[in-house]
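Listing of my_file.pdb, PDB, C-alpha atoms and all ligand atoms
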ATOM      1  CA  MET I   1       0.000   0.000   0.000
ATOM      2  CA  ALA I   2       1.249   3.470  -0.834
ATOM      3  CA  GLN I   3       2.503   5.674   1.996
ATOM      4  CA  LYS I   4       0.032   8.495   2.700
ATOM      5  CA  ILE I   5       1.571  11.967   2.914
ATOM      6  CA  ILE I   6       0.401  15.558   3.273
ATOM      7  CA  ILE I   7       2.747  18.207   1.867
ATOM      8  CA  ASP I   8       2.665  21.636   3.545
ATOM      9  CA  THR I   9       4.066  23.966   0.923
ATOM     10  CA  ASP I  10       4.728  27.469  -0.445
ATOM     11  CA  PRO I  11       4.951  26.699  -4.195
ATOM     12  CA  GLY I  12       7.631  27.807  -5.364
ATOM     13  CA  VAL I  13       9.768  26.187  -8.089
ATOM     14  CA  ASP I  14      11.366  23.433  -5.991
ATOM     15  CA  ASP I  15       8.038  22.887  -4.200
ATOM     16  CA  ALA I  16       6.493  22.201  -7.615
ATOM     17  CA  MET I  17       9.297  19.726  -8.355
ATOM     18  CA  ALA I  18       8.665  17.984  -5.019
ATOM     19  CA  ILE I  19       4.897  17.852  -5.453
ATOM     20  CA  HIS I  20       5.043  16.504  -9.018
ATOM     21  CA  LEU I  21       7.645  13.965  -7.894
ATOM     22  CA  ALA I  22       5.299  12.792  -5.122
ATOM     23  CA  PHE I  23       2.371  12.643  -7.569
ATOM     24  CA  ALA I  24       4.453  10.485  -9.945
ATOM     25  CA  ASP I  25       5.853   8.072  -7.349
ATOM     26  CA  PRO I  26       3.549   5.027  -6.997
ATOM     27  CA  ARG I  27       4.970   4.436  -3.505
ATOM     28  CA  LEU I  28       3.225   7.620  -2.307
ATOM     29  CA  GLU I  29      -0.392   8.733  -1.982
ATOM     30  CA  VAL I  30      -0.656  12.500  -1.601
ATOM     31  CA  VAL I  31      -3.741  12.967   0.567
ATOM     32  CA  GLY I  32      -3.527  16.737   0.597
ATOM     33  CA  LEU I  33      -1.539  19.895   0.077
ATOM     34  CA  THR I  34      -1.700  22.717   2.611
ATOM     35  CA  SER I  35      -0.469  26.147   1.621
ATOM     36  CA  VAL I  36       1.594  28.661   3.524
ATOM     37  CA  PHE I  37       3.213  32.051   2.814
ATOM     38  CA  GLY I  38       6.950  31.990   2.072
ATOM     39  CA  ASN I  39       8.225  31.891  -1.485
ATOM     40  CA  VAL I  40       4.995  33.684  -2.489
ATOM     41  CA  TRP I  41       1.971  35.211  -0.716
ATOM     42  CA  VAL I  42      -0.381  32.572   0.678
ATOM     43  CA  GLU I  43      -3.113  33.360  -1.898
ATOM     44  CA  GLN I  44      -0.579  32.586  -4.630
ATOM     45  CA  ALA I  45       0.594  29.474  -2.764
ATOM     46  CA  THR I  46      -2.974  28.108  -2.542
ATOM     47  CA  ARG I  47      -3.682  28.875  -6.194
ATOM     48  CA  ASN I  48      -0.387  27.296  -7.247
ATOM     49  CA  ALA I  49      -1.046  24.155  -5.190
ATOM     50  CA  LEU I  50      -4.490  23.794  -6.828
ATOM     51  CA  TYR I  51      -2.909  24.313 -10.241
ATOM     52  CA  LEU I  52      -0.214  21.663  -9.655
ATOM     53  CA  ALA I  53      -2.851  19.082  -8.673
ATOM     54  CA  GLU I  54      -5.021  20.011 -11.659
ATOM     55  CA  MET I  55      -2.062  19.813 -14.074
ATOM     56  CA  ALA I  56      -1.305  16.275 -12.884
ATOM     57  CA  GLN I  57      -4.987  15.191 -12.793
ATOM     58  CA  TYR I  58      -4.328  14.379  -9.136
ATOM     59  CA  ASP I  59      -7.414  14.274  -6.957
ATOM     60  CA  CYS I  60      -6.119  15.525  -3.605
ATOM     61  CA  ASP I  61      -7.331  18.111  -1.112
ATOM     62  CA  VAL I  62      -5.850  21.586  -1.041
ATOM     63  CA  ALA I  63      -6.364  23.682   2.105
ATOM     64  CA  ALA I  64      -5.259  27.285   2.542
ATOM     65  CA  GLY I  65      -3.012  28.082   5.475
ATOM     66  CA  ALA I  66      -1.214  30.893   7.206
ATOM     67  CA  SER I  67      -0.583  34.259   5.568
ATOM     68  CA  LYS I  68       2.001  35.419   8.115
ATOM     69  CA  PRO I  69       4.330  34.136  10.821
ATOM     70  CA  LEU I  70       3.221  33.663  14.440
ATOM     71  CA  HIS I  71       5.094  36.587  15.994
ATOM     72  CA  ILE I  72       7.686  38.270  13.791
ATOM     73  CA  VAL I  73       7.046  40.926  11.144
ATOM     74  CA  PRO I  74       6.692  38.976   7.871
ATOM     75  CA  ASN I  75       9.583  38.933   5.423
ATOM     76  CA  ASP I  76       8.765  39.721   1.805
ATOM     77  CA  PRO I  77       8.103  36.710  -0.459
ATOM     78  CA  SER I  78      11.229  35.453  -2.251
ATOM     79  CA  HIS I  79      10.044  36.442  -5.734
ATOM     80  CA  PHE I  80      13.700  36.953  -6.703
ATOM     81  CA  VAL I  81      14.231  33.177  -6.260
ATOM     82  CA  HIS I  82      10.898  31.811  -7.518
ATOM     83  CA  GLY I  83       9.446  34.539  -9.762
ATOM     84  CA  ASP I  84       6.541  36.949  -9.233
ATOM     85  CA  GLU I  85       3.883  34.221  -9.343
ATOM     86  CA  GLY I  86       6.000  31.360  -7.943
ATOM     87  CA  PHE I  87       6.925  29.462 -11.082
ATOM     88  CA  GLY I  88       9.766  31.526 -12.520
ATOM     89  CA  ASP I  89       8.743  33.594 -15.536
ATOM     90  CA  LEU I  90       5.510  31.658 -16.067
ATOM     91  CA  PRO I  91       2.293  33.680 -15.707
ATOM     92  CA  ALA I  92      -0.378  33.079 -13.050
ATOM     93  CA  GLN I  93      -2.906  30.338 -13.798
ATOM     94  CA  SER I  94      -6.544  30.023 -12.715
ATOM     95  CA  PRO I  95      -7.289  26.518 -11.435
ATOM     96  CA  LYS I  96     -10.936  25.417 -11.607
ATOM     97  CA  LYS I  97     -11.306  23.653  -8.262
ATOM     98  CA  PRO I  98     -11.681  25.727  -5.090
ATOM     99  CA  ALA I  99      -9.703  25.033  -1.935
ATOM    100  CA  ASP I 100     -11.150  23.096   0.996
ATOM    101  CA  THR I 101     -13.327  25.323   3.183
ATOM    102  CA  ARG I 102     -11.270  24.571   6.314
ATOM    103  CA  PRO I 103      -8.104  26.480   7.258
ATOM    104  CA  ALA I 104      -5.003  24.298   6.915
ATOM    105  CA  HIS I 105      -4.483  23.561  10.631
ATOM    106  CA  ILE I 106      -8.076  22.339  11.066
ATOM    107  CA  TYR I 107      -7.902  20.358   7.808
ATOM    108  CA  LEU I 108      -4.656  18.769   9.073
ATOM    109  CA  SER I 109      -6.106  17.887  12.466
ATOM    110  CA  GLU I 110      -9.255  16.260  11.036
ATOM    111  CA  THR I 111      -7.488  14.446   8.192
ATOM    112  CA  ILE I 112      -4.597  13.123  10.284
ATOM    113  CA  ARG I 113      -7.040  11.870  12.932
ATOM    114  CA  ALA I 114      -9.161  10.180  10.232
ATOM    115  CA  HIS I 115      -6.033   8.222   9.143
ATOM    116  CA  SER I 116      -4.433   7.887  12.571
ATOM    117  CA  GLY I 117      -0.831   6.646  12.368
ATOM    118  CA  ASP I 118      -0.840   6.424   8.592
ATOM    119  CA  ILE I 119       0.171   9.930   7.481
ATOM    120  CA  ILE I 120       3.655  11.363   7.129
ATOM    121  CA  LEU I 121       3.546  15.148   7.280
ATOM    122  CA  CYS I 122       6.050  16.771   4.932
ATOM    123  CA  PRO I 123       6.406  20.541   5.464
ATOM    124  CA  VAL I 124       8.580  22.193   2.809
ATOM    125  CA  GLY I 125       7.783  25.822   3.674
ATOM    126  CA  PRO I 126       7.689  27.931   6.862
ATOM    127  CA  LEU I 127       6.309  25.849   9.761
ATOM    128  CA  THR I 128       3.449  28.178  10.747
ATOM    129  CA  ASN I 129       0.596  25.793   9.854
ATOM    130  CA  ILE I 130       2.265  22.965  11.747
ATOM    131  CA  ALA I 131       2.748  25.102  14.878
ATOM    132  CA  LYS I 132      -0.903  26.205  14.625
ATOM    133  CA  LEU I 133      -1.908  22.536  14.330
ATOM    134  CA  LEU I 134       0.000  21.756  17.560
ATOM    135  CA  GLU I 135      -1.615  24.697  19.340
ATOM    136  CA  TYR I 136      -5.101  23.754  18.103
ATOM    137  CA  ASP I 137      -4.754  20.005  18.719
ATOM    138  CA  PRO I 138      -1.783  19.137  20.994
ATOM    139  CA  GLU I 139      -2.715  15.430  21.029
ATOM    140  CA  ILE I 140      -2.191  15.239  17.265
ATOM    141  CA  VAL I 141       1.422  14.164  17.925
ATOM    142  CA  ALA I 142       0.127  10.668  18.704
ATOM    143  CA  HIS I 143      -1.646  10.396  15.343
ATOM    144  CA  VAL I 144       1.115  11.480  12.951
ATOM    145  CA  GLN I 145       3.490   8.776  11.715
ATOM    146  CA  LYS I 146       6.355  11.254  11.471
ATOM    147  CA  VAL I 147       7.200  14.753  10.281
ATOM    148  CA  VAL I 148       9.798  15.091   7.510
ATOM    149  CA  ILE I 149      10.803  18.728   7.149
ATOM    150  CA  MET I 150      12.753  20.529   4.452
ATOM    151  CA  GLY I 151      14.264  23.296   6.497
ATOM    152  CA  GLY I 152      17.015  24.304   8.840
ATOM    153  CA  SER I 153      20.570  23.166   9.043
ATOM    154  CA  GLY I 154      22.534  21.209  11.617
ATOM    155  CA  TYR I 155      26.032  22.334  10.703
ATOM    156  CA  ALA I 156      26.010  23.965   7.247
ATOM    157  CA  PRO I 157      25.753  27.771   6.936
ATOM    158  CA  GLY I 158      22.388  29.383   6.249
ATOM    159  CA  ASN I 159      21.062  30.456   2.873
ATOM    160  CA  VAL I 160      19.249  33.700   3.776
ATOM    161  CA  THR I 161      21.707  34.808   6.448
ATOM    162  CA  PRO I 162      24.994  33.164   7.461
ATOM    163  CA  PHE I 163      22.965  31.401  10.192
ATOM    164  CA  ALA I 164      19.454  30.718   8.901
ATOM    165  CA  GLU I 165      17.713  28.622   6.277
ATOM    166  CA  ALA I 166      14.769  30.361   4.560
ATOM    167  CA  ASN I 167      11.859  28.224   5.824
ATOM    168  CA  ILE I 168      12.943  28.476   9.468
ATOM    169  CA  TRP I 169      13.895  32.164   9.151
ATOM    170  CA  ASN I 170      10.402  32.978   7.861
ATOM    171  CA  ASP I 171       8.828  31.757  11.117
ATOM    172  CA  PRO I 172      11.403  30.835  13.784
ATOM    173  CA  HIS I 173       8.848  30.683  16.627
ATOM    174  CA  ALA I 174       6.756  28.156  14.691
ATOM    175  CA  ALA I 175       9.824  26.033  13.969
ATOM    176  CA  ASP I 176      10.798  26.021  17.637
ATOM    177  CA  ILE I 177       7.316  24.781  18.594
ATOM    178  CA  VAL I 178       7.558  21.980  16.011
ATOM    179  CA  PHE I 179      11.011  20.842  17.191
ATOM    180  CA  ALA I 180       9.893  20.888  20.844
ATOM    181  CA  ALA I 181       6.819  18.681  20.296
ATOM    182  CA  ASN I 182       6.826  15.033  21.246
ATOM    183  CA  TRP I 183       6.753  13.424  17.816
ATOM    184  CA  THR I 184       9.322  12.056  15.376
ATOM    185  CA  VAL I 185      10.829  14.867  13.328
ATOM    186  CA  GLU I 186      13.374  14.412  10.558
ATOM    187  CA  MET I 187      15.198  17.510   9.363
ATOM    188  CA  ILE I 188      16.214  17.431   5.711
ATOM    189  CA  GLY I 189      18.132  20.669   5.814
ATOM    190  CA  LEU I 190      20.952  22.488   4.093
ATOM    191  CA  ASP I 191      23.525  19.913   5.308
ATOM    192  CA  VAL I 192      22.154  17.612   2.605
ATOM    193  CA  THR I 193      19.923  19.596   0.221
ATOM    194  CA  THR I 194      22.793  21.835  -0.912
ATOM    195  CA  LYS I 195      24.573  18.712  -2.165
ATOM    196  CA  VAL I 196      21.777  17.679  -4.549
ATOM    197  CA  GLU I 197      21.928  19.609  -7.838
ATOM    198  CA  CYS I 198      20.236  19.447 -11.225
ATOM    199  CA  SER I 199      21.370  21.187 -14.395
ATOM    200  CA  PRO I 200      19.562  22.772 -17.363
ATOM    201  CA  GLU I 201      20.434  19.593 -19.329
ATOM    202  CA  ASP I 202      18.679  17.458 -16.694
ATOM    203  CA  PHE I 203      15.502  19.529 -17.061
ATOM    204  CA  ALA I 204      15.777  19.474 -20.869
ATOM    205  CA  ASP I 205      15.849  15.653 -20.669
ATOM    206  CA  LEU I 206      12.883  15.719 -18.310
ATOM    207  CA  ALA I 207      10.944  17.900 -20.745
ATOM    208  CA  LYS I 208      11.664  15.347 -23.497
ATOM    209  CA  ALA I 209      10.514  12.410 -21.375
ATOM    210  CA  ALA I 210       7.405  14.195 -20.019
ATOM    211  CA  PRO I 211       6.628  17.164 -22.311
ATOM    212  CA  ASP I 212       3.611  18.467 -20.345
ATOM    213  CA  ILE I 213       4.659  18.437 -16.706
ATOM    214  CA  GLY I 214       8.390  18.087 -17.381
ATOM    215  CA  GLY I 215       8.083  20.998 -19.819
ATOM    216  CA  PHE I 216       6.465  23.097 -17.093
ATOM    217  CA  ILE I 217       9.234  22.143 -14.620
ATOM    218  CA  LYS I 218      11.911  22.981 -17.178
ATOM    219  CA  GLU I 219      10.443  26.418 -17.898
ATOM    220  CA  SER I 220       9.999  27.341 -14.256
ATOM    221  CA  ALA I 221      13.480  26.005 -13.422
ATOM    222  CA  ASP I 222      15.141  28.426 -15.890
ATOM    223  CA  PHE I 223      14.490  31.348 -13.524
ATOM    224  CA  TYR I 224      15.469  29.339 -10.413
ATOM    225  CA  ILE I 225      18.745  28.289 -12.076
ATOM    226  CA  ARG I 226      19.502  31.919 -12.970
ATOM    227  CA  PHE I 227      19.099  32.789  -9.283
ATOM    228  CA  TYR I 228      21.498  30.006  -8.235
ATOM    229  CA  GLU I 229      23.973  30.960 -10.925
ATOM    230  CA  SER I 230      24.058  34.475  -9.448
ATOM    231  CA  VAL I 231      24.757  33.042  -5.983
ATOM    232  CA  ILE I 232      27.011  30.023  -6.540
ATOM    233  CA  GLY I 233      28.421  30.866  -9.948
ATOM    234  CA  ARG I 234      27.363  27.645 -11.684
ATOM    235  CA  LYS I 235      24.364  26.890 -13.906
ATOM    236  CA  VAL I 236      22.569  24.442 -11.600
ATOM    237  CA  CYS I 237      19.838  24.563  -8.997
ATOM    238  CA  LEU I 238      19.651  23.012  -5.540
ATOM    239  CA  MET I 239      16.982  20.370  -5.075
ATOM    240  CA  HIS I 240      15.791  21.300  -1.564
ATOM    241  CA  ASP I 241      12.140  20.239  -1.435
ATOM    242  CA  PRO I 242      12.383  17.137  -3.669
ATOM    243  CA  SER I 243      15.108  15.840  -1.324
ATOM    244  CA  ALA I 244      12.576  15.754   1.531
ATOM    245  CA  ILE I 245      10.184  13.636  -0.562
ATOM    246  CA  ILE I 246      13.026  11.245  -1.420
ATOM    247  CA  ALA I 247      13.956  11.016   2.267
ATOM    248  CA  ILE I 248      10.476   9.522   2.780
ATOM    249  CA  THR I 249      10.670   6.962  -0.025
ATOM    250  CA  ASP I 250      14.413   6.208   0.116
ATOM    251  CA  PRO I 251      15.697   6.898   3.638
ATOM    252  CA  ASP I 252      18.772   4.761   2.959
ATOM    253  CA  PHE I 253      20.121   7.521   0.711
ATOM    254  CA  PHE I 254      20.648   9.597   3.883
ATOM    255  CA  THR I 255      22.512   9.256   7.185
ATOM    256  CA  TYR I 256      21.135  10.841  10.340
ATOM    257  CA  GLU I 257      22.229  12.137  13.699
ATOM    258  CA  SER I 258      19.732  12.245  16.575
ATOM    259  CA  VAL I 259      19.917  15.321  18.776
ATOM    260  CA  PRO I 260      17.417  17.844  20.209
ATOM    261  CA  VAL I 261      17.130  21.102  18.239
ATOM    262  CA  SER I 262      16.239  24.627  19.384
ATOM    263  CA  VAL I 263      15.639  27.636  17.169
ATOM    264  CA  ILE I 264      17.048  31.105  17.811
ATOM    265  CA  VAL I 265      14.062  33.460  17.627
ATOM    266  CA  GLU I 266      15.690  36.886  17.889
ATOM    267  CA  GLY I 267      18.888  38.799  17.269
ATOM    268  CA  LYS I 268      21.365  38.472  14.471
ATOM    269  CA  GLU I 269      21.197  34.648  14.458
ATOM    270  CA  ILE I 270      17.381  34.585  14.179
ATOM    271  CA  GLY I 271      16.231  31.436  12.417
ATOM    272  CA  ARG I 272      19.293  29.378  13.297
ATOM    273  CA  THR I 273      18.552  25.740  14.156
ATOM    274  CA  MET I 274      20.836  24.713  17.012
ATOM    275  CA  PRO I 275      21.663  21.058  17.736
ATOM    276  CA  MET I 276      21.568  20.803  21.554
ATOM    277  CA  PRO I 277      23.296  17.547  22.634
ATOM    278  CA  LYS I 278      21.913  16.137  25.920
ATOM    279  CA  SER I 279      25.495  15.864  27.233
ATOM    280  CA  ASP I 280      25.857  19.668  26.987
ATOM    281  CA  TYR I 281      22.262  20.597  27.868
ATOM    282  CA  PRO I 282      21.094  17.969  30.424
ATOM    283  CA  ASP I 283      18.139  20.128  31.560
ATOM    284  CA  LEU I 284      16.726  20.684  28.077
ATOM    285  CA  ASN I 285      13.394  18.918  27.897
ATOM    286  CA  ARG I 286      12.842  18.209  24.235
ATOM    287  CA  PRO I 287      13.023  15.066  22.087
ATOM    288  CA  ASP I 288      15.718  14.154  19.593
ATOM    289  CA  VAL I 289      15.340  15.401  16.025
ATOM    290  CA  ARG I 290      16.787  13.164  13.311
ATOM    291  CA  ILE I 291      19.013  15.578  11.385
ATOM    292  CA  ALA I 292      20.104  14.321   7.959
ATOM    293  CA  THR I 293      23.838  15.004   7.947
ATOM    294  CA  GLY I 294      24.945  12.815   5.040
ATOM    295  CA  VAL I 295      23.464  12.090   1.632
ATOM    296  CA  ASN I 296      24.155   9.987  -1.416
ATOM    297  CA  ALA I 297      23.513  13.003  -3.651
ATOM    298  CA  LYS I 298      23.981  11.028  -6.877
ATOM    299  CA  ALA I 299      21.299   8.524  -5.847
ATOM    300  CA  VAL I 300      18.867  11.316  -4.842
ATOM    301  CA  ARG I 301      19.389  13.153  -8.140
ATOM    302  CA  GLU I 302      18.955   9.981 -10.169
ATOM    303  CA  ALA I 303      15.822   8.990  -8.233
ATOM    304  CA  TYR I 304      14.379  12.449  -8.799
ATOM    305  CA  LEU I 305      15.039  12.371 -12.537
ATOM    306  CA  SER I 306      13.929   8.803 -13.184
ATOM    307  CA  LEU I 307      10.692   9.063 -11.177
ATOM    308  CA  SER I 308       9.883  12.497 -12.598
ATOM    309  CA  ALA I 309      10.321  11.165 -16.134
ATOM    310  CA  GLN I 310       7.060   9.261 -15.443
ATOM    311  CA  MET I 311       5.069  12.411 -14.545
ATOM    312  CA  ASP I 312       3.080  12.615 -17.789
ATOM    313  CA  ASN I 313       2.447   8.860 -17.953
ATOM    314  CA  ALA I 314       1.159   8.852 -14.371
ATOM    315  CA  ALA I 315      -1.135  11.835 -15.116
ATOM    316  CA  LYS I 316      -2.488  10.166 -18.280
ATOM    317  CA  ALA I 317      -3.173   6.944 -16.388
ATOM    318  CA  ARG I 318      -5.130   8.884 -13.760
ATOM    319  CA  LYS I 319      -7.110  10.702 -16.474
ATOM    320  CA  SER I 320      -8.134   7.446 -18.136
ATOM    321  CA  ASN I 321      -9.091   5.932 -14.746
ATOM    322  CA  GLN I 322     -11.268   8.966 -14.003
ATOM    323  CA  ALA I 323     -12.984   8.813 -17.429
TER     324      ALA I 323
HETATM  325  C1  LIG I 401      13.635  26.372   1.054
HETATM  326  O1  LIG I 401      13.219  27.730   0.902
HETATM  327  C2  LIG I 401      12.398  27.877  -0.235
HETATM  328  O2  LIG I 401      12.863  28.919  -1.043
HETATM  329  C3  LIG I 401      12.473  26.578  -0.993
HETATM  330  O3  LIG I 401      11.219  26.274  -1.598
HETATM  331  C4  LIG I 401      12.829  25.557   0.060
HETATM  332  O4  LIG I 401      11.683  25.041   0.704
HETATM  333  C5  LIG I 401      15.141  26.278   0.865
HETATM  334  O5  LIG I 401      15.795  27.030   1.835
HETATM  335 CA    CA I 402       9.435  25.370  -0.252
END
Do you think you could lay out the structure here as structure tokens?
Amino acid sequence: MAQKIIIDTDPGVDDAMAIHLAFADPRLEVVGLTSVFGNVWVEQATRNALYLAEMAQYDCDVAAGASKPLHIVPNDPSHFVHGDEGFGDLPAQSPKKPADTRPAHIYLSETIRAHSGDIILCPVGPLTNIAKLLEYDPEIVAHVQKVVIMGGSGYAPGNVTPFAEANIWNDPHAADIVFAANWTVEMIGLDVTTKVECSPEDFADLAKAAPDIGGFIKESADFYIRFYESVIGRKVCLMHDPSAIIAITDPDFFTYESVPVSVIVEGKEIGRTMPMPKSDYPDLNRPDVRIATGVNAKAVREAYLSLSAQMDNAAKARKSNQA
């Protein structure tokens, strides 16, 4: 039976890659997408999530989430990384289906409880919806299989400041609540996601194998690759959010260290995720987080490309089943 997941997301170019990868992987059943501000405004994130599901003929729920962080003044969306509408230079689309009527945290509570123990929660944006879920329904921790997060960093430098990764920086208080809760959290952060790269040639191949969805990924990736070229000086992009999906399906591609994590919520290091070993902080009362510290980047890249090559075929199969 396929593993049920819910992806909490701010789509976003690499979010779109992750979501289409999950849609194409027969080992996964995407029960829902919940939207959050981050790469784009939340209204854009919800619309983009609906559009991604529609493009892939994927019948999953989409629920709209938080428009701003819990306590800090919101940062501007990262349009310079993901484009004005979230998918590089591509224009806004108007999906037909409306979002679920429930706000994301209530949708998450009800859906996770309805499939108790079966759902892996995969947040790949700021953690605001997940913190709101914990505040609304603290007992939910017993019903979630695990939480696999793209965000943070154990030991690598940040990507928005020398200390902070973007998703955590956008709502550090929410992230701290999520890391303090008594559930299994895996952090797929910059220690590993900065090692997984794809090139324009990879996306050109993808567009050949899957002209509809792969073509869309290729076009939106052009902008994202230009951003990375300006930062790291090479024509590639980093595969942050897809790496979190692959950590669910292929955990053996990663190595982990278990240690509690706290988040710095103010000052110049705001958004920094701090490993807090029990030997150094015996009084700290929070569970271990499984931080991915090592990755077989070649295997992750190849898994991404080979599974994504099936995106159009998977969508066509769903269309003919629905007919
Ligand atoms: C994370 O921030 C966003 O820009 C990406 O979508 C990813 O989730 C990387 O730091
Ligand atoms: Ca994201």
Next on the checklist: Under the PyMOL selection byres (((chain I and resi 238) around 10) and not hetatm), which residues of this model are included? Write them out as a list in words.
Outcome noted: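 Taken over the shown coordinates, the PyMOL selection byres (((chain I and resi 238) around 10) and not hetatm) returns Asp14, Leu190, Thr193, Thr194, Lys195, Val196, Glu197, Cys198, Ser199, Tyr224, Ile225, Tyr228, Val236, Cys237, Met239, His240, Asp241, Pro242 and Ser243 of chain I.
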Checklist outcome for this item: Here atom CA of I:Tyr51 and atom CA of I:Ala174 stand apart by 27.0 Å
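Remark: for ligand LIG 401 (chain I), the closest of the candidate residues I:Arg301, I:Arg27, I:His79, I:Lys4 is I:His79 (distances computed over only C-alpha atoms and all ligand atoms).
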Determine the residue set returned by the PyMOL selection byres (((chain I and resi 306) around 12) and not hetatm) for the present structure, and present it as a JSON list (two decimals) with C-alpha atoms, keeping the file's coordinate frame.
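Output (result_34.json):
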[["chain", "number", "residue", "atom", "x", "y", "z"],
["I", 21, "LEU", "CA", 7.64, 13.96, -7.89],
["I", 24, "ALA", "CA", 4.45, 10.48, -9.94],
["I", 25, "ASP", "CA", 5.85, 8.07, -7.35],
["I", 202, "ASP", "CA", 18.68, 17.46, -16.69],
["I", 203, "PHE", "CA", 15.50, 19.53, -17.06],
["I", 205, "ASP", "CA", 15.85, 15.65, -20.67],
["I", 206, "LEU", "CA", 12.88, 15.72, -18.31],
["I", 209, "ALA", "CA", 10.51, 12.41, -21.38],
["I", 210, "ALA", "CA", 7.40, 14.20, -20.02],
["I", 214, "GLY", "CA", 8.39, 18.09, -17.38],
["I", 299, "ALA", "CA", 21.30, 8.52, -5.85],
["I", 300, "VAL", "CA", 18.87, 11.32, -4.84],
["I", 301, "ARG", "CA", 19.39, 13.15, -8.14],
["I", 302, "GLU", "CA", 18.95, 9.98, -10.17],
["I", 303, "ALA", "CA", 15.82, 8.99, -8.23],
["I", 304, "TYR", "CA", 14.38, 12.45, -8.80],
["I", 305, "LEU", "CA", 15.04, 12.37, -12.54],
["I", 307, "LEU", "CA", 10.69, 9.06, -11.18],
["I", 308, "SER", "CA", 9.88, 12.50, -12.60],
["I", 309, "ALA", "CA", 10.32, 11.16, -16.13],
["I", 310, "GLN", "CA", 7.06, 9.26, -15.44],
["I", 311, "MET", "CA", 5.07, 12.41, -14.54]]
With a cut-off of 7 Å, could you pull out the residues of chain I touching ligand CA 402 (chain I) and give me the nearest pair of atoms for each, distance in Å to one decimal, using only C-alpha atoms and all ligand atoms, ordered by chain and ascending number, as JSON lines?
{"residue": "I:Thr9", "atom": "CA", "partner": "I:CA402", "partner_atom": "CA", "distance": 5.7}
{"residue": "I:Asp10", "atom": "CA", "partner": "I:CA402", "partner_atom": "CA", "distance": 5.2}
{"residue": "I:Pro11", "atom": "CA", "partner": "I:CA402", "partner_atom": "CA", "distance": 6.1}
{"residue": "I:Gly12", "atom": "CA", "partner": "I:CA402", "partner_atom": "CA", "distance": 5.9}
{"residue": "I:Asp14", "atom": "CA", "partner": "I:CA402", "partner_atom": "CA", "distance": 6.4}
{"residue": "I:Asp15", "atom": "CA", "partner": "I:CA402", "partner_atom": "CA", "distance": 4.9}
{"residue": "I:Asn39", "atom": "CA", "partner": "I:CA402", "partner_atom": "CA", "distance": 6.7}
{"residue": "I:Val124", "atom": "CA", "partner": "I:CA402", "partner_atom": "CA", "distance": 4.5}
{"residue": "I:Gly125", "atom": "CA", "partner": "I:CA402", "partner_atom": "CA", "distance": 4.3}
{"residue": "I:Asp241", "atom": "CA", "partner": "I:CA402", "partner_atom": "CA", "distance": 5.9}
Filtering to C-alpha atoms, could you give me those residues as a short mmCIF file (atom, residue, chain, number, x, y, z; two decimals), in the frame of the given file?
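Output contents, as saved in part_31.cif:
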data_model
loop_
_atom_site.label_atom_id
_atom_site.label_comp_id
_atom_site.auth_asym_id
_atom_site.auth_seq_id
_atom_site.Cartn_x
_atom_site.Cartn_y
_atom_site.Cartn_z
CA THR I 9 4.07 23.97 0.92
CA ASP I 10 4.73 27.47 -0.44
CA PRO I 11 4.95 26.70 -4.20
CA GLY I 12 7.63 27.81 -5.36
CA ASP I 14 11.37 23.43 -5.99
CA ASP I 15 8.04 22.89 -4.20
CA ASN I 39 8.22 31.89 -1.48
CA VAL I 124 8.58 22.19 2.81
CA GLY I 125 7.78 25.82 3.67
CA ASP I 241 12.14 20.24 -1.44
#
Please check which residues have atoms at most 10 Å from (-2.0, 30.6, 9.3) in the file's coordinates, counting all atoms listed in the file, and write them as an mmCIF file with C-alpha atoms, in the coordinates of the input.
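Saved to out13.cif:
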data_model
loop_
_atom_site.group_PDB
_atom_site.id
_atom_site.type_symbol
_atom_site.label_atom_id
_atom_site.label_comp_id
_atom_site.auth_asym_id
_atom_site.auth_seq_id
_atom_site.Cartn_x
_atom_site.Cartn_y
_atom_site.Cartn_z
ATOM 1 C CA SER I 35 -0.469 26.147 1.621
ATOM 2 C CA VAL I 36 1.594 28.661 3.524
ATOM 3 C CA PHE I 37 3.213 32.051 2.814
ATOM 4 C CA VAL I 42 -0.381 32.572 0.678
ATOM 5 C CA ALA I 64 -5.259 27.285 2.542
ATOM 6 C CA GLY I 65 -3.012 28.082 5.475
ATOM 7 C CA ALA I 66 -1.214 30.893 7.206
ATOM 8 C CA SER I 67 -0.583 34.259 5.568
ATOM 9 C CA LYS I 68 2.001 35.419 8.115
ATOM 10 C CA PRO I 69 4.330 34.136 10.821
ATOM 11 C CA LEU I 70 3.221 33.663 14.440
ATOM 12 C CA PRO I 103 -8.104 26.480 7.258
ATOM 13 C CA ALA I 104 -5.003 24.298 6.915
ATOM 14 C CA HIS I 105 -4.483 23.561 10.631
ATOM 15 C CA LEU I 127 6.309 25.849 9.761
ATOM 16 C CA THR I 128 3.449 28.178 10.747
ATOM 17 C CA ASN I 129 0.596 25.793 9.854
ATOM 18 C CA ILE I 130 2.265 22.965 11.747
ATOM 19 C CA ALA I 131 2.748 25.102 14.878
ATOM 20 C CA LYS I 132 -0.903 26.205 14.625
ATOM 21 C CA LEU I 133 -1.908 22.536 14.330
#
Item to check | Pick from I:Thr273, I:Ser220, I:Gln3, I:Asn167, whichever lies nearest to I:Phe87 using all atoms listed in the file | outcome: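 Among I:Thr273, I:Ser220, I:Gln3, I:Asn167, it is I:Ser220 that comes nearest to I:Phe87.
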Checklist entry - Just how far from atom CA of I:Trp41 is atom CA of I:Ala221, in Å to one decimal? => result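 According to the coordinates, atom CA of I:Ala221 and atom CA of I:Trp41 are separated by 19.5 Å.
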Next on the checklist: With the PyMOL selection byres (((chain I and resi 259) around 9) and not hetatm) as the selection, what would be picked from this file? Answer as a ChimeraX atom specification, please.
Outcome noted: /I:257-258,260-261,275-278,287-291
